[in-house]
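Okay, query-v2.txt now, which holds compact mmCIF, C-alpha atoms:
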```txt
# COMPACT_ATOMS: atom_id res chain seq x y z
CA MET A 1365 138.10 74.06 74.83
CA GLN A 1366 139.32 71.97 77.71
CA ARG A 1367 137.12 71.57 80.74
CA THR A 1368 138.82 71.74 84.07
CA ALA A 1369 137.81 71.06 87.65
CA LEU A 1370 138.08 74.79 88.19
CA ASP A 1371 135.22 75.43 85.75
CA LEU A 1372 133.06 73.02 87.71
CA TRP A 1373 133.71 74.86 90.97
CA VAL A 1374 133.07 78.28 89.48
CA GLY A 1375 129.93 76.95 87.79
CA ALA A 1376 128.70 75.54 91.10
CA PHE A 1377 129.43 78.88 92.76
CA VAL A 1378 127.44 80.81 90.16
CA VAL A 1379 124.54 78.36 90.40
CA ALA A 1380 124.57 78.63 94.20
CA GLY A 1381 124.62 82.43 94.04
CA ILE A 1382 121.75 82.65 91.56
CA GLY A 1383 119.90 79.98 93.51
CA ALA A 1384 120.23 82.09 96.65
CA LEU A 1385 118.77 85.06 94.76
CA VAL A 1386 115.85 82.94 93.57
CA VAL A 1387 115.24 81.69 97.11
CA LEU A 1388 115.30 85.28 98.37
CA ALA A 1389 112.87 86.33 95.64
CA LEU A 1390 110.41 83.46 96.09
CA LYS A 1391 110.62 82.45 99.72
CA VAL A 1392 111.60 85.72 101.41
CA GLY A 1393 110.19 88.24 98.97
CA ASN A 1394 106.65 88.64 97.71
CA LEU A 1395 107.12 87.10 94.27
CA SER A 1396 105.27 83.92 95.08
CA THR A 1397 101.90 82.71 96.16
CA TYR A 1398 102.51 79.42 97.84
CA ASN A 1399 99.91 76.92 98.87
CA VAL A 1400 100.55 74.33 101.50
CA SER A 1401 97.74 71.81 101.07
CA GLU A 1402 94.39 71.47 99.34
CA THR A 1403 92.03 74.29 100.18
CA TYR A 1404 88.57 75.64 99.42
CA GLN A 1405 87.59 79.29 99.14
CA LEU A 1406 85.25 81.27 101.35
CA HIS A 1407 84.32 84.95 101.20
CA ALA A 1408 83.63 87.44 103.94
CA TYR A 1409 82.53 91.07 103.84
CA PHE A 1410 83.89 93.51 106.42
CA THR A 1411 83.10 97.20 106.85
CA ASN A 1412 86.75 97.74 107.84
CA VAL A 1413 89.65 95.32 107.51
CA GLY A 1414 92.12 97.51 109.42
CA GLY A 1415 95.65 96.26 108.88
CA LEU A 1416 94.71 92.82 107.54
CA LYS A 1417 97.00 91.74 104.73
CA PRO A 1418 96.95 88.94 102.16
CA THR A 1419 98.66 85.79 103.51
CA ALA A 1420 97.47 86.65 107.03
CA SER A 1421 96.45 83.59 108.97
CA VAL A 1422 92.90 82.32 109.56
CA ARG A 1423 92.44 80.66 112.93
CA SER A 1424 89.71 78.83 114.71
CA ALA A 1425 90.14 78.18 118.44
CA GLY A 1426 93.73 79.37 117.95
CA VAL A 1427 94.51 76.68 115.37
CA LEU A 1428 95.73 77.74 111.92
CA VAL A 1429 93.10 76.58 109.42
CA GLY A 1430 93.84 78.74 106.37
CA ARG A 1431 95.16 81.96 104.89
CA VAL A 1432 93.78 85.18 103.44
CA SER A 1433 94.27 85.08 99.66
CA SER A 1434 92.94 88.47 98.55
CA ILE A 1435 91.36 91.65 99.86
CA THR A 1436 89.38 93.86 97.47
CA LEU A 1437 86.83 96.62 97.76
CA ASP A 1438 83.36 95.60 96.61
CA THR A 1439 81.99 98.72 94.93
CA GLU A 1440 78.38 97.54 95.12
CA ARG A 1441 78.35 97.30 98.88
CA TYR A 1442 81.37 99.54 99.58
CA GLU A 1443 82.70 96.92 101.89
CA ALA A 1444 85.96 95.01 101.86
CA LYS A 1445 85.63 91.58 100.30
CA VAL A 1446 88.11 89.17 101.84
CA THR A 1447 88.72 85.83 100.17
CA ILE A 1448 90.23 83.13 102.34
CA ASN A 1449 91.57 79.70 101.55
CA VAL A 1450 90.60 77.17 104.17
CA ASP A 1451 92.21 73.77 104.55
CA LYS A 1452 89.97 70.99 103.13
CA ARG A 1453 90.31 69.02 106.37
CA TYR A 1454 88.24 71.59 108.25
CA GLN A 1455 84.51 72.23 107.69
CA PHE A 1456 82.60 75.08 109.31
CA PRO A 1457 78.83 75.46 109.99
CA LYS A 1458 76.83 77.97 107.93
CA ASP A 1459 76.42 80.39 110.84
CA THR A 1460 80.14 80.70 111.59
CA PHE A 1461 81.25 84.11 112.83
CA ALA A 1462 84.31 85.69 111.09
CA ASN A 1463 86.14 88.27 113.23
CA ILE A 1464 89.25 90.30 112.51
CA LEU A 1465 91.45 90.00 115.59
CA THR A 1466 94.92 91.15 116.57
CA SER A 1467 97.58 88.91 118.06
CA GLY A 1468 99.18 90.89 120.87
CA LEU A 1469 98.97 94.64 121.26
CA LEU A 1470 100.96 95.54 118.13
CA GLY A 1471 100.95 92.16 116.46
CA GLU A 1472 99.67 91.13 113.07
CA GLN A 1473 95.95 90.93 112.36
CA TYR A 1474 94.27 87.64 111.57
CA ILE A 1475 90.78 86.28 111.00
CA GLY A 1476 89.27 84.28 113.84
CA LEU A 1477 86.42 81.87 113.04
CA VAL A 1478 83.87 81.12 115.76
CA PRO A 1479 81.66 78.21 114.68
CA GLY A 1480 77.91 78.34 115.26
CA GLY A 1481 75.47 75.47 115.72
CA ASP A 1482 74.09 75.01 112.20
CA GLU A 1483 74.07 71.47 110.87
CA GLU A 1484 74.90 72.44 107.28
CA VAL A 1485 78.51 73.37 106.49
CA LEU A 1486 79.92 76.16 104.30
CA GLN A 1487 80.71 75.00 100.77
CA ASP A 1488 83.43 76.26 98.40
CA GLY A 1489 82.69 79.82 97.25
CA GLU A 1490 80.12 80.62 99.93
CA THR A 1491 80.06 83.72 102.11
CA PHE A 1492 80.12 84.18 105.86
CA ARG A 1493 76.85 85.74 106.98
CA LYS A 1494 78.11 87.23 110.22
CA THR A 1495 81.32 89.20 110.42
CA GLN A 1496 82.93 91.60 112.83
CA SER A 1497 85.31 94.29 111.55
CA ALA A 1498 88.76 95.13 112.75
CA MET A 1499 89.12 97.13 115.91
CA VAL A 1500 90.53 100.52 114.93
CA LEU A 1501 92.44 102.18 117.74
CA GLU A 1502 91.41 105.72 116.73
CA ASP A 1503 87.71 104.80 116.91
CA LEU A 1504 88.19 103.30 120.34
CA ILE A 1505 90.01 106.40 121.59
CA GLY A 1506 87.26 108.56 120.11
CA LYS A 1507 84.55 106.56 121.89
CA PHE A 1508 86.51 106.68 125.12
CA LEU A 1509 86.90 110.49 124.91
CA PHE A 1510 83.18 110.95 124.22
CA SER A 1511 82.24 108.78 127.15
CA GLN A 1512 84.64 110.73 129.35
CA ALA A 1513 83.09 114.04 128.22
CA ASP A 1514 79.62 112.64 128.94
CA SER A 1515 80.51 111.54 132.43
CA ASP A 1516 82.16 114.92 133.15
CA LYS A 1517 78.89 116.77 132.41
CA LYS A 1518 76.90 114.73 134.91
CA MET B 26 159.45 124.48 115.01
CA PRO B 27 157.47 121.32 115.74
CA LEU B 28 154.12 123.06 115.03
CA LYS B 29 155.10 124.06 111.53
CA LYS B 30 156.51 120.62 110.92
CA SER B 31 153.33 118.82 111.99
CA LEU B 32 151.17 121.25 110.02
CA SER B 33 153.16 120.66 106.88
CA ALA B 34 152.98 116.91 107.50
CA VAL B 35 149.16 117.12 107.61
CA GLY B 36 149.14 119.16 104.41
CA HIS B 37 151.50 116.74 102.74
CA ARG B 38 149.34 113.76 103.63
CA THR B 39 146.19 115.49 102.40
CA VAL B 40 147.72 116.39 99.05
CA ASP B 41 149.16 112.91 98.78
CA SER B 42 145.82 111.20 99.38
CA VAL B 43 144.02 113.40 96.85
CA TRP B 44 146.79 112.58 94.40
CA ARG B 45 146.37 108.85 95.04
CA LEU B 46 142.62 109.16 94.58
CA GLY B 47 143.18 110.73 91.17
CA VAL B 48 145.60 108.00 90.14
CA ALA B 49 143.17 105.34 91.38
CA THR B 50 140.38 106.84 89.26
CA ARG B 51 142.62 106.80 86.20
CA PHE B 52 143.54 103.22 87.10
CA LEU B 53 139.84 102.26 87.14
CA ALA B 54 139.28 103.95 83.78
CA LEU B 55 142.28 102.12 82.29
CA THR B 56 141.01 98.81 83.67
CA LEU B 57 137.57 99.36 82.15
CA MET B 58 139.05 100.32 78.80
CA GLN B 59 141.36 97.31 78.66
CA SER B 60 138.90 94.70 79.90
CA GLY B 61 137.88 93.62 76.38
CA VAL B 62 140.71 91.07 76.33
CA SER B 63 139.62 89.38 79.53
CA PHE B 64 136.08 88.93 78.19
CA ARG B 65 137.42 87.38 75.02
CA ARG B 66 139.56 85.07 77.15
CA PHE B 67 136.86 84.35 79.71
CA GLN B 68 138.97 81.56 81.22
CA LEU B 69 141.05 84.25 82.93
CA ILE B 70 137.99 85.59 84.75
CA VAL B 71 136.85 82.08 85.67
CA LYS B 72 140.24 81.38 87.23
CA GLU B 73 140.08 84.52 89.33
CA MET B 74 136.46 83.83 90.30
CA PHE B 75 137.67 80.57 91.74
CA ALA B 76 140.29 82.37 93.80
CA SER B 77 138.06 85.17 95.07
CA GLY B 78 134.52 83.80 94.89
CA VAL B 79 134.63 80.05 95.42
CA MET B 80 137.27 80.25 98.13
CA SER B 81 135.14 82.79 100.04
CA LEU B 82 132.07 80.53 100.01
CA VAL B 83 132.73 78.84 103.34
CA ILE B 84 133.41 82.00 105.33
CA ILE B 85 130.39 83.74 103.75
CA GLY B 86 128.08 80.81 104.43
CA VAL B 87 129.17 80.27 108.03
CA ALA B 88 129.20 84.00 108.86
CA GLY B 89 125.75 84.49 107.28
CA MET B 90 124.32 81.59 109.21
CA PHE B 91 125.60 82.90 112.54
CA VAL B 92 124.52 86.48 111.86
CA GLY B 93 121.03 85.19 111.07
CA MET B 94 120.99 83.11 114.25
CA VAL B 95 122.03 86.08 116.38
CA LEU B 96 119.40 88.24 114.69
CA GLY B 97 116.78 85.59 115.43
CA LEU B 98 117.77 85.44 119.09
CA GLN B 99 118.14 89.17 119.70
CA GLY B 100 115.11 90.05 117.60
CA PHE B 101 112.98 87.59 119.51
CA GLU B 102 114.10 88.96 122.88
CA THR B 103 113.23 92.52 121.82
CA LEU B 104 109.98 91.75 119.99
CA LYS B 105 108.75 89.63 122.90
CA ARG B 106 108.40 92.80 124.99
CA TYR B 107 105.83 94.12 122.53
CA GLY B 108 104.12 90.79 122.04
CA SER B 109 104.91 90.79 118.34
CA GLU B 110 107.17 87.75 118.01
CA SER B 111 105.43 86.98 114.75
CA ALA B 112 107.27 89.96 113.18
CA LEU B 113 110.55 88.12 113.70
CA GLY B 114 110.60 86.92 110.09
CA SER B 115 110.34 90.41 108.65
CA LEU B 116 112.93 91.75 111.09
CA VAL B 117 115.48 89.07 110.18
CA ALA B 118 114.83 89.20 106.43
CA LEU B 119 114.69 92.98 106.09
CA SER B 120 117.86 93.64 108.06
CA LEU B 121 119.71 90.94 106.13
CA VAL B 122 118.52 91.76 102.63
CA ARG B 123 118.79 95.53 102.97
CA GLU B 124 121.89 96.01 105.09
CA LEU B 125 123.74 93.16 106.71
CA GLY B 126 123.93 90.88 103.68
CA PRO B 127 125.62 93.32 101.29
CA VAL B 128 127.72 95.11 103.94
CA LEU B 129 129.02 92.15 105.93
CA ALA B 130 129.62 90.05 102.82
CA ALA B 131 131.61 92.96 101.34
CA LEU B 132 133.63 93.41 104.55
CA LEU B 133 134.44 89.69 104.61
CA PHE B 134 135.22 89.75 100.90
CA ALA B 135 137.60 92.71 101.41
CA SER B 136 139.56 90.94 104.11
CA ARG B 137 139.43 87.47 102.56
CA ALA B 138 139.84 88.13 98.81
CA GLY B 139 140.84 91.81 98.61
CA SER B 140 143.93 91.42 100.78
CA ALA B 141 144.98 88.36 98.77
CA MET B 142 144.65 90.33 95.52
CA THR B 143 146.80 93.15 96.90
CA ALA B 144 149.49 90.81 98.19
CA GLU B 145 149.56 88.85 94.93
CA ILE B 146 149.90 91.87 92.68
CA GLY B 147 152.33 93.57 95.08
CA LEU B 148 154.55 90.50 95.03
CA MET B 149 154.29 90.23 91.25
CA LYS B 150 155.57 93.77 91.16
CA ALA B 151 158.31 93.13 93.72
CA THR B 152 159.55 90.09 91.79
CA GLU B 153 159.44 92.16 88.57
CA GLN B 154 156.86 90.00 86.83
CA ILE B 155 154.86 93.11 85.97
CA ALA B 156 157.92 94.77 84.45
CA ALA B 157 158.64 91.58 82.48
CA MET B 158 155.14 91.66 81.01
CA GLU B 159 155.59 95.24 79.93
CA MET B 160 158.88 94.27 78.28
CA MET B 161 157.00 91.63 76.28
CA ALA B 162 154.43 94.25 75.23
CA VAL B 163 151.73 92.53 77.30
CA SER B 164 149.65 95.07 79.15
CA PRO B 165 149.66 94.00 82.82
CA ILE B 166 146.39 95.87 83.32
CA ALA B 167 144.65 93.85 80.63
CA ARG B 168 146.28 90.55 81.62
CA VAL B 169 146.47 90.76 85.43
CA VAL B 170 144.20 93.52 86.71
CA ALA B 171 141.07 93.38 84.51
CA PRO B 172 140.26 89.66 85.06
CA ARG B 173 140.56 90.10 88.82
CA PHE B 174 138.39 93.21 88.69
CA TRP B 175 135.56 91.51 86.80
CA ALA B 176 135.84 88.35 88.87
CA GLY B 177 135.35 90.42 92.03
CA VAL B 178 132.50 92.45 90.56
CA ILE B 179 130.65 89.30 89.45
CA SER B 180 131.32 87.37 92.67
CA MET B 181 130.27 90.06 95.12
CA PRO B 182 126.45 90.13 94.45
CA LEU B 183 126.37 86.32 94.39
CA LEU B 184 128.20 86.13 97.72
CA ALA B 185 125.90 88.75 99.26
CA ALA B 186 122.82 86.82 98.09
CA LEU B 187 124.25 83.64 99.60
CA PHE B 188 124.99 85.49 102.83
CA SER B 189 121.39 86.76 103.06
CA ALA B 190 119.90 83.38 102.22
CA MET B 191 122.05 81.63 104.82
CA GLY B 192 121.14 84.34 107.33
CA VAL B 193 117.42 83.89 106.76
CA PHE B 194 117.92 80.17 107.21
CA GLY B 195 119.84 80.80 110.46
CA GLY B 196 117.06 83.07 111.70
CA TYR B 197 114.54 80.38 110.80
CA VAL B 198 116.49 77.73 112.70
CA VAL B 199 116.69 79.82 115.88
CA GLY B 200 113.29 81.50 115.65
CA VAL B 201 111.05 78.69 114.44
CA VAL B 202 112.86 75.45 115.21
CA LEU B 203 114.47 76.31 118.56
CA ILE B 204 112.28 79.03 120.08
CA GLY B 205 109.01 78.01 118.44
CA VAL B 206 107.71 81.12 116.66
CA ASP B 207 104.79 80.16 114.41
CA GLU B 208 106.25 79.04 111.10
CA GLY B 209 103.35 80.38 109.02
CA SER B 210 103.50 83.89 110.44
CA PHE B 211 107.32 83.85 110.27
CA TRP B 212 107.24 83.34 106.49
CA SER B 213 104.03 85.23 105.74
CA GLN B 214 105.09 88.35 107.65
CA MET B 215 108.44 88.14 105.92
CA GLN B 216 106.84 87.89 102.50
CA ALA B 217 104.39 90.65 103.29
CA SER B 218 107.13 93.10 104.25
CA VAL B 219 110.02 92.23 101.89
CA ASP B 220 109.45 93.73 98.46
CA PHE B 221 111.30 92.26 95.50
CA ARG B 222 111.99 95.55 93.74
CA ASP B 223 112.59 97.77 96.76
CA ASP B 224 114.53 95.43 99.01
CA ILE B 225 116.10 92.56 97.11
CA ILE B 226 117.10 94.42 93.96
CA ASN B 227 118.42 97.35 96.00
CA GLY B 228 120.51 94.91 98.02
CA VAL B 229 121.96 93.49 94.81
CA ILE B 230 122.76 97.01 93.55
CA LYS B 231 124.50 97.76 96.84
CA SER B 232 126.66 94.66 96.71
CA PHE B 233 127.55 95.40 93.09
CA VAL B 234 128.79 98.88 94.07
CA PHE B 235 130.71 97.42 97.01
CA GLY B 236 132.25 94.85 94.69
CA VAL B 237 133.54 97.59 92.39
CA ALA B 238 134.90 99.61 95.32
CA VAL B 239 136.64 96.72 97.07
CA THR B 240 138.31 95.27 93.99
CA VAL B 241 139.46 98.66 92.71
CA ILE B 242 141.00 99.51 96.08
CA ALA B 243 142.64 96.09 96.39
CA LEU B 244 144.05 96.08 92.86
CA PHE B 245 145.22 99.67 93.00
CA GLU B 246 146.96 99.20 96.35
CA GLY B 247 148.72 96.14 94.97
CA PHE B 248 149.76 97.95 91.83
CA ASP B 249 150.87 101.00 93.78
CA ALA B 250 152.78 99.13 96.51
CA PRO B 251 156.49 99.82 96.90
CA PRO B 252 158.29 96.69 95.65
CA THR B 253 159.59 95.65 99.06
CA ALA B 254 158.41 93.21 101.72
CA GLU B 255 157.44 96.14 103.93
CA GLY B 256 155.67 97.90 101.07
CA VAL B 257 153.52 94.87 100.24
CA SER B 258 152.55 94.30 103.87
CA GLY B 259 151.63 97.99 104.25
CA ALA B 260 149.56 97.87 101.05
CA THR B 261 147.67 94.80 102.28
CA THR B 262 146.81 96.56 105.54
CA ARG B 263 145.70 99.67 103.67
CA THR B 264 143.46 97.59 101.41
CA VAL B 265 141.51 96.19 104.34
CA VAL B 266 141.27 99.53 106.17
CA GLU B 267 140.37 101.61 103.11
CA SER B 268 137.87 99.20 101.63
CA SER B 269 136.11 98.71 104.98
CA LEU B 270 135.75 102.47 105.35
CA ALA B 271 134.68 102.83 101.72
CA ILE B 272 132.02 100.12 102.14
CA LEU B 273 130.52 101.75 105.22
CA MET B 274 130.55 105.25 103.71
CA LEU B 275 129.10 104.09 100.38
CA ASP B 276 126.48 102.14 102.31
CA PHE B 277 125.28 105.29 104.01
CA ILE B 278 125.11 107.18 100.71
CA LEU B 279 123.31 104.35 98.90
CA THR B 280 120.87 103.83 101.77
CA ALA B 281 120.07 107.54 101.79
CA PHE B 282 119.28 107.32 98.07
CA MET B 283 117.32 104.09 98.21
CA PHE B 284 115.27 104.23 101.39
CA ARG B 285 115.15 107.88 102.56
CA GLY B 286 113.82 106.69 105.89
CA GLY B 287 110.48 106.09 104.19
```

Could you write out this structure as C-alpha cells?
Amino acid sequence: MQRTALDLWVGAFVVAGIGALVVLALKVGNLSTYNVSETYQLHAYFTNVGGLKPTASVRSAGVLVGRVSSITLDTERYEAKVTINVDKRYQFPKDTFANILTSGLLGEQYIGLVPGGDEEVLQDGETFRKTQSAMVLEDLIGKFLFSQADSDKK
Amino acid sequence: MPLKKSLSAVGHRTVDSVWRLGVATRFLALTLMQSGVSFRRFQLIVKEMFASGVMSLVIIGVAGMFVGMVLGLQGFETLKRYGSESALGSLVALSLVRELGPVLAALLFASRAGSAMTAEIGLMKATEQIAAMEMMAVSPIARVVAPRFWAGVISMPLLAALFSAMGVFGGYVVGVVLIGVDEGSFWSQMQASVDFRDDIINGVIKSFVFGVAVTVIALFEGFDAPPTAEGVSGATTRTVVESSLAILMLDFILTAFMFRGG
C-alpha cells in the first residue's frame, strides 16, 4: 500500500485528538495522582474534616508546603485520619498545630500549619499532636442561636 | 382567500418536513448498511477525514483557546465577588468538558465541514456524477456518502476533545499566568471536581451523537438538493441552520439524560 502525505496528516490529527483526550483525563480529570517534588508523609487526626478533599493544599504562613494525599476514617478512634505530603525542603517542629481553614467565605478548605517552639522536627510518618477541626457553619449558627436565647432570658 | 391559502401553505410545509425526515432516516439506514465497502477500502475514509477533520483543526484550536480565555476572564470576575477565585479551574474545565467543547466544536464543524460536504455532493449531483456512478453500477451511497459519514463521526469526538483541551489551556493562560490565580488550587480544584466517567466520557458521547447528526444532515441535504446552482446554495444554507438547531436540541436532551441537574 502506498503511503501518502495525506495519511501523515490524518495520523497526526488522530494522535492529536487522542492526546487531547489523555490530557483531559490525566490533567483535568481525576485519573491521576501527580507529585511535584520530593515529599515526606505526616498524619493528622481531626474530629471533623468538613469539606476537606484529597489534593487540597497545605499551607504554613500562607505558603504552599504540601498537599493532602488521603482522608480516611480511623475506626479505632472514630476520627478522620488525614495523610499529607509535605515538601522535603520544609521541616516542622514536633508541637506544630494543624488547623483546617477556609480560604474566603465559600472557598476551598485547606490545612494550615502553625509551628510551635520545639527543637525536634517531625519525621516521615509521624502524627501531629495538636489539631483543630473544620469550622462547620451549622454548628456556629447553632451556638449563635443558643447564645441569643440565653441573652433573651436575662 | 388569503387565509385559506396561508393555512394550506403551513400544512404543506409540515407534511413536507415530516416526509423529508422519513427519507433522511431511510438515507441513514442505507448509509449504515452500505458502509462495509468503505471500511474495506479505509483509504476512502482517511481521505475524507483529511477534508473534514484535519482542515478543521485550526479553527477548532483557535476558537477553543479564545473560549477558554473568555471563560477564565469572566469566571474570575464573577468568582471574585464570592472570594472563591480558586474555583476558577473547575468552572473553566467543567463548562468546557460538559457543554462548550462538544457543542461549539459541533457548531463549528457543521459550518466548516458540513456545508462543504453538502456543496460537494450537491454539485456532484448537478454535474451528473452521481447518475454516472449509478450507470456504472457503483452505489453512490457506498462510494461517496458512507466514507464521508464515517469520517465525520470519527473526527467529531477528536475535534471536541481538542477544543476542550485548548480551552482549558486558554483558561490557564488567562487565570494563572495573567491574573495570578494560584496554580496549585487551579489544577487541584479542577481535578477534584471533574470526574472521568461522568464528565469526560459523557462529553465524548455527546460529541459522537452530534457528529452523527451533523454529517447525516449535511450528506442528506447534499443528496436531496435540486441539481441547480440555486438548489445547491439553498441546501448549504439549510445544512448549517438545521444542524445547528439539531445540535442544540440534542444537547438539551442528552444533558437531561446525563446530568439531571444533580

inquiry  = Quick check: residues of chain A within 8 Å of chain B, only C-alpha atoms, returned as a ChimeraX atom specification.
reply    = /A:1370-1371,1373-1374,1377-1378,1380-1382,1384-1385,1387-1389,1391-1395,1417-1421,1467-1472

With C-alpha atoms retained, write the just-selected residues as a PDB file, keeping the file's coordinate frame.
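File written: selection.pdb
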```pdb
ATOM      1  CA  LEU A1370     138.080  74.790  88.190  1.00  0.00           C
ATOM      2  CA  ASP A1371     135.220  75.430  85.750  1.00  0.00           C
ATOM      3  CA  TRP A1373     133.710  74.860  90.970  1.00  0.00           C
ATOM      4  CA  VAL A1374     133.070  78.280  89.480  1.00  0.00           C
ATOM      5  CA  PHE A1377     129.430  78.880  92.760  1.00  0.00           C
ATOM      6  CA  VAL A1378     127.440  80.810  90.160  1.00  0.00           C
ATOM      7  CA  ALA A1380     124.570  78.630  94.200  1.00  0.00           C
ATOM      8  CA  GLY A1381     124.620  82.430  94.040  1.00  0.00           C
ATOM      9  CA  ILE A1382     121.750  82.650  91.560  1.00  0.00           C
ATOM     10  CA  ALA A1384     120.230  82.090  96.650  1.00  0.00           C
ATOM     11  CA  LEU A1385     118.770  85.060  94.760  1.00  0.00           C
ATOM     12  CA  VAL A1387     115.240  81.690  97.110  1.00  0.00           C
ATOM     13  CA  LEU A1388     115.300  85.280  98.370  1.00  0.00           C
ATOM     14  CA  ALA A1389     112.870  86.330  95.640  1.00  0.00           C
ATOM     15  CA  LYS A1391     110.620  82.450  99.720  1.00  0.00           C
ATOM     16  CA  VAL A1392     111.600  85.720 101.410  1.00  0.00           C
ATOM     17  CA  GLY A1393     110.190  88.240  98.970  1.00  0.00           C
ATOM     18  CA  ASN A1394     106.650  88.640  97.710  1.00  0.00           C
ATOM     19  CA  LEU A1395     107.120  87.100  94.270  1.00  0.00           C
ATOM     20  CA  LYS A1417      97.000  91.740 104.730  1.00  0.00           C
ATOM     21  CA  PRO A1418      96.950  88.940 102.160  1.00  0.00           C
ATOM     22  CA  THR A1419      98.660  85.790 103.510  1.00  0.00           C
ATOM     23  CA  ALA A1420      97.470  86.650 107.030  1.00  0.00           C
ATOM     24  CA  SER A1421      96.450  83.590 108.970  1.00  0.00           C
ATOM     25  CA  SER A1467      97.580  88.910 118.060  1.00  0.00           C
ATOM     26  CA  GLY A1468      99.180  90.890 120.870  1.00  0.00           C
ATOM     27  CA  LEU A1469      98.970  94.640 121.260  1.00  0.00           C
ATOM     28  CA  LEU A1470     100.960  95.540 118.130  1.00  0.00           C
ATOM     29  CA  GLY A1471     100.950  92.160 116.460  1.00  0.00           C
ATOM     30  CA  GLU A1472      99.670  91.130 113.070  1.00  0.00           C
TER      31      GLU A1472
END
```

Within 7 Å of B:Thr56, counting all atoms listed in the file, which residues qualify if same-chain residues fewer than 5 places away don't, as an mmCIF file with C-alpha atoms, keeping the file's coordinate frame?
```
data_model
loop_
_atom_site.group_PDB
_atom_site.id
_atom_site.type_symbol
_atom_site.label_atom_id
_atom_site.label_comp_id
_atom_site.auth_asym_id
_atom_site.auth_seq_id
_atom_site.Cartn_x
_atom_site.Cartn_y
_atom_site.Cartn_z
ATOM 1 C CA ILE B 166 146.390 95.870 83.320
ATOM 2 C CA ALA B 167 144.650 93.850 80.630
ATOM 3 C CA VAL B 170 144.200 93.520 86.710
ATOM 4 C CA ALA B 171 141.070 93.380 84.510
#
```

Exercise: residues within 6 Å of coordinate (87.4, 81.1, 105.3), counting all atoms listed in the file, as a tab-separated table (two decimals) with C-alpha atoms, in the frame of the given file:
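Saved the output as point00.tsv:
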```tsv
chain	number	residue	atom	x	y	z
A	1406	LEU	CA	85.25	81.27	101.35
A	1448	ILE	CA	90.23	83.13	102.34
A	1449	ASN	CA	91.57	79.70	101.55
A	1450	VAL	CA	90.60	77.17	104.17
```

request  = Measuring atom to atom with only C-alpha atoms, identify which of B:Val234, B:Ala54, B:Ala271, B:Leu125 is nearest to B:Val92.
outcome  = B:Leu125

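The two atoms in question, atom CA of A:Gly1426 and atom CA of A:Leu1477, are spaced 9.2 Å apart.
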
query = For the atom pair atom CA of B:Val35 and atom CA of B:Ala238, what is the interatomic distance in Å to one decimal place?
reply = 25.7 Å

ask   = Of the candidates A:Leu1465, A:His1407, A:Arg1441, A:Val1478, which one gets nearest to A:Ala1425 if we count all atoms listed in the file?
value = A:Val1478

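The closest residue to B:Phe277, picked from B:Val241, B:Val128, B:Val198, B:Val40 and counting only C-alpha atoms, is B:Val128.
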
Nearest-residue call for B:Gly195, choices B:Val95, B:Val178, B:Met158, B:Val169, using all atoms listed in the file = B:Val95

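From atom CA of B:Ser140 back to atom CA of B:Arg123, the distance works out to 25.6 Å.
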
message = With all atoms listed in the file as the counted atoms, please give the residues lying no more than 12 Å from stretch 44-49 of chain B, apart from itself and same-chain residues fewer than 4 positions off, as number ranges by chain.
response = B: 37-40, 53-56, 238, 240-250, 267

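For the residues B:Ser63, B:Ser269, B:Gln99, B:Ser136, ranking by smallest atom-to-atom distance to B:Trp175 using only C-alpha atoms places B:Ser63 first.
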